[in-house]
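Peer 1: Following this line is protein-v8.txt, made up of compact mmCIF, N, CA and C atoms:
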```txt
# COMPACT_ATOMS: atom_id res chain seq x y z
N MET A 292 17.20 32.99 13.50
CA MET A 292 17.19 31.98 12.48
C MET A 292 15.84 31.24 12.51
N LYS A 293 15.24 31.07 11.33
CA LYS A 293 13.94 30.42 11.22
C LYS A 293 14.09 28.90 11.36
N PRO A 294 13.15 28.29 12.02
CA PRO A 294 13.20 26.82 12.09
C PRO A 294 12.90 26.22 10.72
N GLU A 295 13.54 25.08 10.43
CA GLU A 295 13.31 24.42 9.14
C GLU A 295 11.96 23.74 9.15
N LYS A 296 11.31 23.78 8.01
CA LYS A 296 10.03 23.10 7.87
C LYS A 296 10.28 21.75 7.22
N TRP A 297 9.75 20.73 7.82
CA TRP A 297 9.87 19.38 7.26
C TRP A 297 8.50 18.95 6.76
N ASP A 298 8.40 18.78 5.48
CA ASP A 298 7.15 18.32 4.89
C ASP A 298 7.11 16.81 4.95
N ALA A 299 5.93 16.29 5.20
CA ALA A 299 5.77 14.83 5.18
C ALA A 299 6.04 14.33 3.77
N PRO A 300 6.63 13.16 3.62
CA PRO A 300 6.89 12.65 2.28
C PRO A 300 5.59 12.46 1.52
N LYS A 301 5.61 12.88 0.30
CA LYS A 301 4.42 12.79 -0.55
C LYS A 301 4.63 11.66 -1.55
N GLY A 302 3.53 11.09 -1.99
CA GLY A 302 3.59 10.07 -3.02
C GLY A 302 3.84 10.72 -4.37
N PRO A 303 3.97 9.92 -5.39
CA PRO A 303 4.21 10.48 -6.72
C PRO A 303 2.98 11.24 -7.23
N GLU A 304 3.23 12.21 -8.06
CA GLU A 304 2.13 12.95 -8.68
C GLU A 304 1.50 12.06 -9.75
N LEU A 305 0.22 11.78 -9.60
CA LEU A 305 -0.47 10.92 -10.54
C LEU A 305 -1.37 11.73 -11.46
N THR A 306 -1.51 11.27 -12.70
CA THR A 306 -2.44 11.90 -13.63
C THR A 306 -3.85 11.48 -13.24
N GLU A 307 -4.84 12.12 -13.82
CA GLU A 307 -6.24 11.77 -13.52
C GLU A 307 -6.53 10.31 -13.86
N ASN A 308 -6.02 9.83 -15.00
CA ASN A 308 -6.27 8.44 -15.39
C ASN A 308 -5.57 7.47 -14.43
N GLU A 309 -4.37 7.80 -14.01
CA GLU A 309 -3.66 6.94 -13.05
C GLU A 309 -4.42 6.89 -11.72
N LYS A 310 -4.94 8.04 -11.28
CA LYS A 310 -5.72 8.08 -10.04
C LYS A 310 -6.97 7.23 -10.15
N LEU A 311 -7.64 7.32 -11.29
CA LEU A 311 -8.86 6.55 -11.52
C LEU A 311 -8.58 5.05 -11.44
N ILE A 312 -7.56 4.60 -12.13
CA ILE A 312 -7.18 3.18 -12.14
C ILE A 312 -6.76 2.75 -10.74
N PHE A 313 -5.93 3.55 -10.08
CA PHE A 313 -5.43 3.20 -8.75
C PHE A 313 -6.56 3.13 -7.72
N ASP A 314 -7.51 4.07 -7.80
CA ASP A 314 -8.63 4.08 -6.85
C ASP A 314 -9.47 2.82 -6.97
N ILE A 315 -9.72 2.37 -8.19
CA ILE A 315 -10.49 1.14 -8.39
C ILE A 315 -9.70 -0.05 -7.85
N LEU A 316 -8.42 -0.11 -8.18
CA LEU A 316 -7.58 -1.23 -7.77
C LEU A 316 -7.35 -1.24 -6.27
N GLU A 317 -7.32 -0.08 -5.65
CA GLU A 317 -7.05 0.02 -4.22
C GLU A 317 -8.11 -0.70 -3.38
N LYS A 318 -9.34 -0.73 -3.87
CA LYS A 318 -10.43 -1.40 -3.15
C LYS A 318 -10.25 -2.91 -3.17
N GLU A 319 -9.74 -3.44 -4.27
CA GLU A 319 -9.62 -4.89 -4.44
C GLU A 319 -8.22 -5.42 -4.12
N LYS A 320 -7.21 -4.59 -4.20
CA LYS A 320 -5.78 -4.92 -4.00
C LYS A 320 -5.21 -5.75 -5.16
N SER A 321 -6.01 -6.63 -5.74
CA SER A 321 -5.55 -7.48 -6.83
C SER A 321 -6.77 -7.88 -7.66
N MET A 322 -6.67 -7.78 -8.99
CA MET A 322 -7.81 -8.16 -9.82
C MET A 322 -7.37 -8.43 -11.25
N ASP A 323 -8.26 -9.04 -12.01
CA ASP A 323 -8.00 -9.33 -13.42
C ASP A 323 -7.83 -8.02 -14.18
N LEU A 324 -6.81 -7.96 -15.00
CA LEU A 324 -6.50 -6.74 -15.75
C LEU A 324 -7.66 -6.31 -16.64
N ASN A 325 -8.30 -7.26 -17.32
CA ASN A 325 -9.40 -6.92 -18.22
C ASN A 325 -10.62 -6.40 -17.47
N VAL A 326 -10.87 -6.92 -16.27
CA VAL A 326 -11.99 -6.44 -15.45
C VAL A 326 -11.73 -5.00 -15.02
N LEU A 327 -10.50 -4.74 -14.59
CA LEU A 327 -10.14 -3.39 -14.18
C LEU A 327 -10.25 -2.42 -15.36
N LYS A 328 -9.79 -2.85 -16.53
CA LYS A 328 -9.86 -2.00 -17.72
C LYS A 328 -11.31 -1.65 -18.04
N GLU A 329 -12.18 -2.63 -17.94
CA GLU A 329 -13.60 -2.41 -18.21
C GLU A 329 -14.21 -1.44 -17.21
N GLN A 330 -13.87 -1.60 -15.93
CA GLN A 330 -14.41 -0.72 -14.89
C GLN A 330 -13.90 0.71 -15.03
N ALA A 331 -12.67 0.87 -15.48
CA ALA A 331 -12.10 2.21 -15.64
C ALA A 331 -12.77 2.97 -16.78
N GLY A 332 -13.15 2.27 -17.84
CA GLY A 332 -13.85 2.91 -18.96
C GLY A 332 -13.01 3.90 -19.74
N LEU A 333 -11.70 3.66 -19.81
CA LEU A 333 -10.81 4.57 -20.54
C LEU A 333 -10.56 4.04 -21.96
N SER A 334 -10.15 4.94 -22.84
CA SER A 334 -9.76 4.51 -24.18
C SER A 334 -8.49 3.68 -24.07
N ASN A 335 -8.17 2.94 -25.13
CA ASN A 335 -6.97 2.10 -25.10
C ASN A 335 -5.70 2.90 -24.81
N LYS A 336 -5.58 4.06 -25.43
CA LYS A 336 -4.39 4.90 -25.22
C LYS A 336 -4.32 5.42 -23.79
N GLN A 337 -5.45 5.90 -23.26
CA GLN A 337 -5.49 6.41 -21.89
C GLN A 337 -5.18 5.28 -20.90
N TRP A 338 -5.75 4.11 -21.15
CA TRP A 338 -5.53 2.96 -20.28
C TRP A 338 -4.05 2.58 -20.27
N ASP A 339 -3.47 2.47 -21.45
CA ASP A 339 -2.07 2.07 -21.57
C ASP A 339 -1.14 3.04 -20.84
N LYS A 340 -1.35 4.33 -21.06
CA LYS A 340 -0.52 5.33 -20.39
C LYS A 340 -0.71 5.30 -18.88
N GLY A 341 -1.95 5.10 -18.43
CA GLY A 341 -2.24 5.06 -17.00
C GLY A 341 -1.59 3.88 -16.30
N VAL A 342 -1.72 2.70 -16.88
CA VAL A 342 -1.15 1.49 -16.27
C VAL A 342 0.37 1.54 -16.30
N LYS A 343 0.94 2.00 -17.40
CA LYS A 343 2.40 2.11 -17.48
C LYS A 343 2.92 3.15 -16.49
N GLY A 344 2.19 4.24 -16.30
CA GLY A 344 2.58 5.26 -15.34
C GLY A 344 2.59 4.73 -13.92
N LEU A 345 1.56 3.96 -13.55
CA LEU A 345 1.51 3.38 -12.21
C LEU A 345 2.66 2.40 -11.99
N ALA A 346 2.97 1.61 -13.00
CA ALA A 346 4.09 0.67 -12.89
C ALA A 346 5.41 1.42 -12.78
N LYS A 347 5.55 2.51 -13.52
CA LYS A 347 6.77 3.32 -13.48
C LYS A 347 6.99 3.91 -12.09
N HIS A 348 5.90 4.29 -11.43
CA HIS A 348 5.98 4.83 -10.07
C HIS A 348 6.18 3.72 -9.04
N GLY A 349 6.13 2.47 -9.48
CA GLY A 349 6.32 1.34 -8.57
C GLY A 349 5.10 1.04 -7.71
N LEU A 350 3.92 1.46 -8.17
CA LEU A 350 2.71 1.26 -7.38
C LEU A 350 1.98 -0.03 -7.72
N THR A 351 2.14 -0.52 -8.95
CA THR A 351 1.44 -1.72 -9.36
C THR A 351 2.39 -2.71 -10.03
N LYS A 352 1.91 -3.94 -10.12
CA LYS A 352 2.67 -5.00 -10.78
C LYS A 352 1.68 -5.88 -11.53
N VAL A 353 2.02 -6.26 -12.77
CA VAL A 353 1.18 -7.14 -13.56
C VAL A 353 1.84 -8.51 -13.60
N THR A 354 1.04 -9.54 -13.29
CA THR A 354 1.53 -10.91 -13.28
C THR A 354 0.71 -11.73 -14.26
N LYS A 355 1.39 -12.53 -15.08
CA LYS A 355 0.70 -13.38 -16.05
C LYS A 355 0.59 -14.79 -15.50
N THR A 356 -0.63 -15.30 -15.46
CA THR A 356 -0.85 -16.70 -15.12
C THR A 356 -1.13 -17.43 -16.42
N ASP A 357 -1.49 -18.70 -16.34
CA ASP A 357 -1.73 -19.48 -17.56
C ASP A 357 -2.75 -18.85 -18.49
N ASP A 358 -3.84 -18.34 -17.92
CA ASP A 358 -4.92 -17.86 -18.78
C ASP A 358 -5.40 -16.43 -18.50
N GLU A 359 -4.71 -15.70 -17.63
CA GLU A 359 -5.14 -14.33 -17.35
C GLU A 359 -3.98 -13.45 -16.89
N LEU A 360 -4.22 -12.14 -16.93
CA LEU A 360 -3.27 -11.16 -16.41
C LEU A 360 -3.86 -10.57 -15.14
N ILE A 361 -3.08 -10.59 -14.08
CA ILE A 361 -3.52 -10.06 -12.79
C ILE A 361 -2.70 -8.81 -12.49
N ILE A 362 -3.39 -7.74 -12.10
CA ILE A 362 -2.71 -6.52 -11.69
C ILE A 362 -2.94 -6.36 -10.20
N GLU A 363 -1.88 -5.98 -9.49
CA GLU A 363 -1.99 -5.84 -8.04
C GLU A 363 -1.20 -4.64 -7.56
N ILE A 364 -1.58 -4.15 -6.40
CA ILE A 364 -0.87 -3.03 -5.77
C ILE A 364 0.38 -3.60 -5.12
N VAL A 365 1.49 -2.91 -5.31
CA VAL A 365 2.76 -3.31 -4.69
C VAL A 365 2.78 -2.72 -3.29
N GLU A 366 2.92 -3.58 -2.30
CA GLU A 366 2.96 -3.12 -0.91
C GLU A 366 4.33 -2.53 -0.61
N ALA A 367 4.34 -1.41 0.04
CA ALA A 367 5.60 -0.72 0.37
C ALA A 367 6.30 -1.36 1.53
```
Translate this file's structure into structure tokens.
Peer 2:
Amino acid sequence: MKPEKWDAPKGPELTENEKLIFDILEKEKSMDLNVLKEQAGLSNKQWDKGVKGLAKHGLTKVTKTDDELIIEIVEA
């Protein structure tokens, strides 16, 4: 009988745009949404799909303050 192989748990499969956004955010942990959007350099549609995908995977959270939107990495 062959021994069972146990693979280490993998994170969610991210699209290229999600990886780009996450990599930028990972360095800062938390930043202004508009600053991150500018740094990512994606079209509005690509940006929207990327940010929504990260939130769907439970990796990021957007918080609204009085005058800005802050996006941050959700700690596991």
Peer 1: Name the residues within 12 Å of (-11.1, -5.9, -13.3), counting only C-alpha atoms in the file's coordinates, and put them as a list in words.
Peer 2: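 It turns out the residues near that spot are Ile312, Phe313, Ile315, Leu316, Glu317, Lys318, Glu319, Lys320, Ser321, Met322, Asp323, Leu324, Asn325, Val326, Leu327, Lys328, Glu329, Gln330, Ala331, Gly332, Glu359, Leu360, Ile361, Ile362 and Glu363 of chain A.
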Peer 1: Please extract the residues of region 292-366 of chain A with a backbone DSSP assignment of alpha helix (DSSP H) and present them as a ChimeraX atom specification.
Peer 2: /A:307-319,324-331,335-347
Peer 1: Considering only C-alpha atoms, state which residue in the set A:Ser334, A:Asp314, A:Glu366, A:Leu305 is at the smallest distance from Lys347 (chain A).
Peer 2: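 The answer is A:Leu305, which sits nearest to Lys347 (chain A).
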Peer 1: Go ahead and compute the interatomic distance for atom N of Leu350 (chain A) and atom C of Val365 (chain A), in Å to one decimal.
Peer 2: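 Here the two named atoms are 6.5 Å from each other.
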Peer 1: Using only C-alpha atoms, can you tell me which of A:Leu333, A:Ile364, A:Val353, A:Leu345 comes closest to Glu304 (chain A)?
Peer 2: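 Distance minimum relative to Glu304 (chain A) lands on A:Leu345.
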Peer 1: Run DSSP on the backbone and give me the residues of chain A it puts in strand (DSSP E or B), as a list of chain:residue names.
Peer 2: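 Those in chain A that DSSP calls strand (DSSP E or B) are A:Ser321, A:Met322, A:Asp323, A:Thr351, A:Lys352, A:Val353, A:Thr354, A:Lys355, A:Leu360, A:Ile361, A:Ile362, A:Glu363, A:Ile364.
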Peer 1: Which distance in Å separates CA of Lys310 (chain A) and CA of Val342 (chain A), to one decimal?
Peer 2: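 These two atoms are separated by 10.2 Å.
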Peer 1: Report, in Å to a single decimal, how far apart atom C of Thr354 (chain A) and atom C of Pro303 (chain A) are.
Peer 2: 24.1 Å
Peer 1: Starting from 4 Å padding per side, set up an axis-aligned box that covers all listed atoms of region 325-332 of chain A and hand over centre and edge lengths in Å, one decimal, as AutoDock Vina command-line options.
Peer 2:
```
--center_x -11.4 --center_y -1.7 --center_z -17.0 --size_x 14.1 --size_y 19.2 --size_z 13.6
```
